[in-house]
Amino acid sequence: MAKAKALTVKRIEKLLKVPGKYTDGEVQGLILTVEGPGSAAWMLRYQSDHEKHWMGLGSAIKGRSKYLSLADAREKARECHRLRADGVDPLERKRSVRAARIAAQAKAVTFKQAAERYHEAHRSSWTNASHAAAFLSSLSRWAYPIVGSLDVSVIDMALVLRVLEQPLPRNEGTFWHKHVVTADRVRSRMERTLDFSTVRGWRSGDNPCRWKGFLSEALPAPRKVSPVKHHAAVPFEDIPALMAALAIDPDVGAHALRFLICTGDRVSEVIEAPWSEFNLEERLWSIPAERMKGRKPHTVPLPPQAVELLNGLYREEGNPFVFIGRTPLTHVAETAVTEAMRRAGRRETLHGLRSSFRTWAAERTNFPRELCEKALAHLVGDETERAYQRGDLLEKRRRLMEAWAKYCCTPPVEKQKTDKVVVSLRA
């Protein structure tokens with residue numbers, strides 16, 4: 001039987017118009033199959049274990065997604081023969097690769113999907129609703145446009161840097177240099193999302209969002225870009241005057257602010273407090289772990305002034321909250337507390353009031369540092385020390401908070417204005 005002639009590019013152009021099977025005389029088993037105009041493919045015919053196989057290699061029509069030129073078809077056919085020489089069936093290999101690709105596609109998770117699943121999995125760990133909302137909103141604003149639709153497994157440092165160094169409009173600089181605090185939070189949230197993805201098996205390898213040893217070598221440290229600014233705090237000397245101004249303000253926001261100052265607690269802990277957490281007879285406020293920033297329960301000894309304030313509050317039927325909001329069955333908004341602060345003539349932050357208490361305790365009292373930190377629900381000492389010191393120092397903290405409330409609620413002494421008097425002295 002005469003050997004088939006080698007196919008040529010010109011000959012193929014003619015054969016594509018005539019249905020049939022045309023063997024390439026250069027590579028064993030390579031066949032051009034033409035079914036009709038616009039339908040032609042490269043096939044490889046081979047035999048193994050007394051069984052004939054036909055394996056598709058690709059399209060012979062230009063413009064098709066899997067188009068192979070004559071040279072490409074020959075190279076692919078030769079690669080199949082090399083696999084057979086190594087004892088690998090090329091058709092079985094093709095099927096296994098395809099199955100693996102389908103499995104990978106089924107397992108593929110985009111960065112946006114991974115972030116949303118992380119957010120849902122950690123729903124119970126968020127300190128408050130605003131923090132939970134900020135997690136997704138910041139990623140939606142800064143990360144999703146660049147990496148949101150990408151498979152989480154392909155995200156590398158180059159893509160992370162594209163997110164953090166994205167240019168801002170109107171030539172205002174880059175995200176990292178202009179809004180470094182927000183940018184670092186986005187980096188941290190991306191890092192947690194990628195760690196979550198690794199544990200879930202959606203990606204592998206190092207986390208390109210990690211700061212130490214990774215991004216620290218590519219970006220300036222946040223504190224060098226923008227030095228830390230502490231919350232503006234009311235000088236503790238001005239607290240009695242502030243309390244006096246709030247005492248004549250009938251708004252619920254003012255009541256909440258007075259209570260916040262007396263107890264030294266955080267804003268969210270105060271405005272979201274339900275009556276069920278209070279024992280007014282024992283003068284105790286027990287905040288559960290899920291409402292605390294540090295996720296540890298905290299008991300607040302209430303000074304008499306705080307108890308008196310609570311007893312004088314209006315209660316809305318069916319509303320569980322101590323400081324009721326303007327909408328039925330809701331708690332007072334943080335903005336209402338801030339507005340009360342502004343009406344009293346202060347421009348500082350609400351969180352800074354905790355600093356006012358801490359500075360007063362350090363400069364005007366002899367209470368131990370550990371006791372003052374415990375009153376603010378701060379961790380005291382290292383892990384070993386905390387393991388042995390398990391008490392909450394409740395009675396000692398009660399004396400501290402009573403001294404603070406007494407100071408806050410003592411009306412400020414007004415400076416007396418005196419007219420100048422000229423006294424003549426005899427020689």
# chains A, B, ... in the order shown; residues from 1 in each chain; ligands from 1

$ select_by_dssp --residues "region 88-138 of chain A" --states "alpha helix (DSSP H)" --output "JSON, numbers by chain"
{"A": [90, 91, 92, 93, 94, 95, 96, 97, 98, 99, 100, 101, 102, 103, 104, 105, 106, 107, 111, 112, 113, 114, 115, 116, 117, 118, 119, 120, 121, 129, 130, 131, 132, 133, 134, 135, 136, 137, 138]}

$ residues_around --residues "region 81-83 of chain A" --least-positions-apart "5" --cutoff "9 Å" --atoms "only C-alpha atoms" --output "number ranges by chain"
A: 28, 46, 76, 88-90

$ select_by_dssp --residues "region 2-180 of chain A" --states "strand (DSSP E or B)" --output "number ranges by chain"
A: 20-23, 30-36, 39-48, 51-59, 67, 110, 151, 167, 174

$ write_last_selection --atoms "N, CA, C and O atoms" --output "short mmCIF file (atom, residue, chain, number, x, y, z; two decimals), in the first residue's frame"
data_model
loop_
_atom_site.label_atom_id
_atom_site.label_comp_id
_atom_site.auth_asym_id
_atom_site.auth_seq_id
_atom_site.Cartn_x
_atom_site.Cartn_y
_atom_site.Cartn_z
N GLY A 20 -14.55 14.31 3.52
CA GLY A 20 -13.75 13.10 3.46
C GLY A 20 -12.72 13.06 4.57
O GLY A 20 -12.62 13.97 5.40
N LYS A 21 -11.90 11.99 4.58
CA LYS A 21 -10.83 11.84 5.56
C LYS A 21 -9.51 11.80 4.79
O LYS A 21 -9.34 10.98 3.88
N TYR A 22 -8.56 12.65 5.22
CA TYR A 22 -7.30 12.80 4.48
C TYR A 22 -6.13 12.59 5.45
O TYR A 22 -5.94 13.34 6.42
N THR A 23 -5.35 11.55 5.17
CA THR A 23 -4.23 11.17 6.04
C THR A 23 -3.00 12.01 5.72
O THR A 23 -2.69 12.25 4.54
N LEU A 30 -2.20 10.91 11.89
CA LEU A 30 -2.82 12.24 11.83
C LEU A 30 -3.72 12.31 10.61
O LEU A 30 -3.27 12.09 9.48
N ILE A 31 -5.00 12.66 10.85
CA ILE A 31 -5.99 12.66 9.77
C ILE A 31 -6.79 13.95 9.81
O ILE A 31 -7.20 14.40 10.88
N LEU A 32 -7.01 14.54 8.67
CA LEU A 32 -7.88 15.69 8.52
C LEU A 32 -9.25 15.18 8.11
O LEU A 32 -9.40 14.56 7.05
N THR A 33 -10.27 15.41 8.93
CA THR A 33 -11.63 14.96 8.61
C THR A 33 -12.47 16.18 8.25
O THR A 33 -12.56 17.14 9.01
N VAL A 34 -13.08 16.12 7.03
CA VAL A 34 -13.90 17.22 6.55
C VAL A 34 -15.33 16.71 6.42
O VAL A 34 -15.58 15.78 5.65
N GLU A 35 -16.25 17.31 7.18
CA GLU A 35 -17.65 16.90 7.12
C GLU A 35 -18.46 17.77 6.18
O GLU A 35 -19.55 17.39 5.76
N GLY A 36 -17.96 18.94 5.87
CA GLY A 36 -18.65 19.85 4.99
C GLY A 36 -18.06 21.24 5.13
O GLY A 36 -17.14 21.47 5.95
N SER A 39 -16.83 22.87 8.53
CA SER A 39 -16.76 21.82 9.55
C SER A 39 -15.65 20.85 9.22
O SER A 39 -15.79 19.99 8.34
N ALA A 40 -14.52 21.01 9.91
CA ALA A 40 -13.36 20.15 9.68
C ALA A 40 -12.52 20.10 10.95
O ALA A 40 -12.43 21.10 11.69
N ALA A 41 -11.93 18.94 11.23
CA ALA A 41 -11.16 18.79 12.46
C ALA A 41 -9.97 17.87 12.24
O ALA A 41 -9.94 17.08 11.29
N TRP A 42 -8.99 18.01 13.14
CA TRP A 42 -7.82 17.14 13.14
C TRP A 42 -8.08 15.98 14.09
O TRP A 42 -8.52 16.17 15.22
N MET A 43 -7.81 14.75 13.62
CA MET A 43 -8.01 13.56 14.44
C MET A 43 -6.71 12.77 14.49
O MET A 43 -5.90 12.80 13.55
N LEU A 44 -6.52 12.05 15.58
CA LEU A 44 -5.39 11.14 15.68
C LEU A 44 -5.93 9.73 15.86
O LEU A 44 -6.71 9.47 16.78
N ARG A 45 -5.52 8.83 14.96
CA ARG A 45 -5.95 7.44 15.04
C ARG A 45 -4.78 6.58 15.50
O ARG A 45 -3.68 6.66 14.95
N TYR A 46 -5.03 5.82 16.55
CA TYR A 46 -3.97 4.91 17.03
C TYR A 46 -4.63 3.67 17.62
O TYR A 46 -5.84 3.63 17.85
N GLN A 47 -3.82 2.65 17.87
CA GLN A 47 -4.34 1.38 18.37
C GLN A 47 -3.59 0.99 19.64
O GLN A 47 -2.38 1.11 19.73
N SER A 48 -4.35 0.51 20.64
CA SER A 48 -3.74 0.02 21.88
C SER A 48 -4.56 -1.13 22.40
O SER A 48 -5.80 -1.08 22.37
N GLU A 51 -7.32 -2.41 20.29
CA GLU A 51 -8.50 -1.55 20.16
C GLU A 51 -8.09 -0.26 19.46
O GLU A 51 -7.07 0.35 19.79
N LYS A 52 -8.89 0.13 18.45
CA LYS A 52 -8.61 1.37 17.72
C LYS A 52 -9.23 2.57 18.43
O LYS A 52 -10.34 2.47 18.95
N HIS A 53 -8.48 3.67 18.45
CA HIS A 53 -8.95 4.89 19.11
C HIS A 53 -8.91 6.05 18.13
O HIS A 53 -7.99 6.16 17.31
N TRP A 54 -9.90 6.91 18.23
CA TRP A 54 -9.92 8.18 17.50
C TRP A 54 -9.93 9.31 18.54
O TRP A 54 -10.81 9.38 19.38
N MET A 55 -8.95 10.18 18.42
CA MET A 55 -8.81 11.26 19.40
C MET A 55 -8.83 12.61 18.70
O MET A 55 -8.04 12.86 17.78
N GLY A 56 -9.77 13.47 19.08
CA GLY A 56 -9.84 14.80 18.50
C GLY A 56 -8.71 15.68 19.02
O GLY A 56 -8.43 15.72 20.21
N LEU A 57 -8.08 16.42 18.09
CA LEU A 57 -6.98 17.31 18.47
C LEU A 57 -7.38 18.77 18.44
O LEU A 57 -6.87 19.58 19.22
N GLY A 58 -8.28 19.13 17.52
CA GLY A 58 -8.67 20.53 17.40
C GLY A 58 -9.30 20.81 16.06
O GLY A 58 -9.38 19.95 15.18
N SER A 59 -9.76 22.05 15.87
CA SER A 59 -10.43 22.43 14.63
C SER A 59 -9.42 22.78 13.54
O SER A 59 -8.32 23.27 13.83
N TYR A 67 -8.68 26.24 17.03
CA TYR A 67 -8.06 26.07 15.70
C TYR A 67 -6.60 25.65 15.82
O TYR A 67 -5.84 26.17 16.64
N THR A 110 -14.65 32.96 43.79
CA THR A 110 -14.11 34.30 43.55
C THR A 110 -13.78 34.97 44.88
O THR A 110 -14.27 34.57 45.94
N ASP A 151 -10.69 34.35 40.61
CA ASP A 151 -10.59 33.17 41.47
C ASP A 151 -9.65 33.49 42.62
O ASP A 151 -8.56 34.01 42.43
N PRO A 167 -4.55 54.42 41.87
CA PRO A 167 -4.54 55.89 41.85
C PRO A 167 -5.91 56.46 42.17
O PRO A 167 -6.94 55.89 41.81
N THR A 174 -2.09 57.98 45.66
CA THR A 174 -2.56 56.59 45.69
C THR A 174 -3.38 56.32 46.94
O THR A 174 -3.32 57.06 47.92
#

$ atom_distance --atom1 "CA of Trp285 (chain A)" --atom2 "CA of Asp265 (chain A)"
11.0 Å

$ residues_around --residues "Phe367 (chain A)" --least-positions-apart "2" --cutoff "12 Å" --atoms "only C-alpha atoms" --output "ChimeraX atom specification"
/A:358-365,369-375,396-401,403-404

$ closest_residue --among "A:Glu277, A:Glu191, A:Glu120, A:Asp49" --to "Ala143 (chain A)" --atoms "only C-alpha atoms"
A:Glu191

$ residues_around --residues "Leu242 (chain A)" --least-positions-apart "2" --cutoff "12 Å" --atoms "only C-alpha atoms" --output "PyMOL selection string"
chain A and resi 234-240+244-249+254+257-258+261-262+340-348+353+356+407-412

$ residues_around --residues "Arg11 (chain A)" --least-positions-apart "4" --cutoff "12 Å" --atoms "only C-alpha atoms" --output "MDAnalysis selection string"
chainID A and resid 5:7 15:18 22 24 32 70
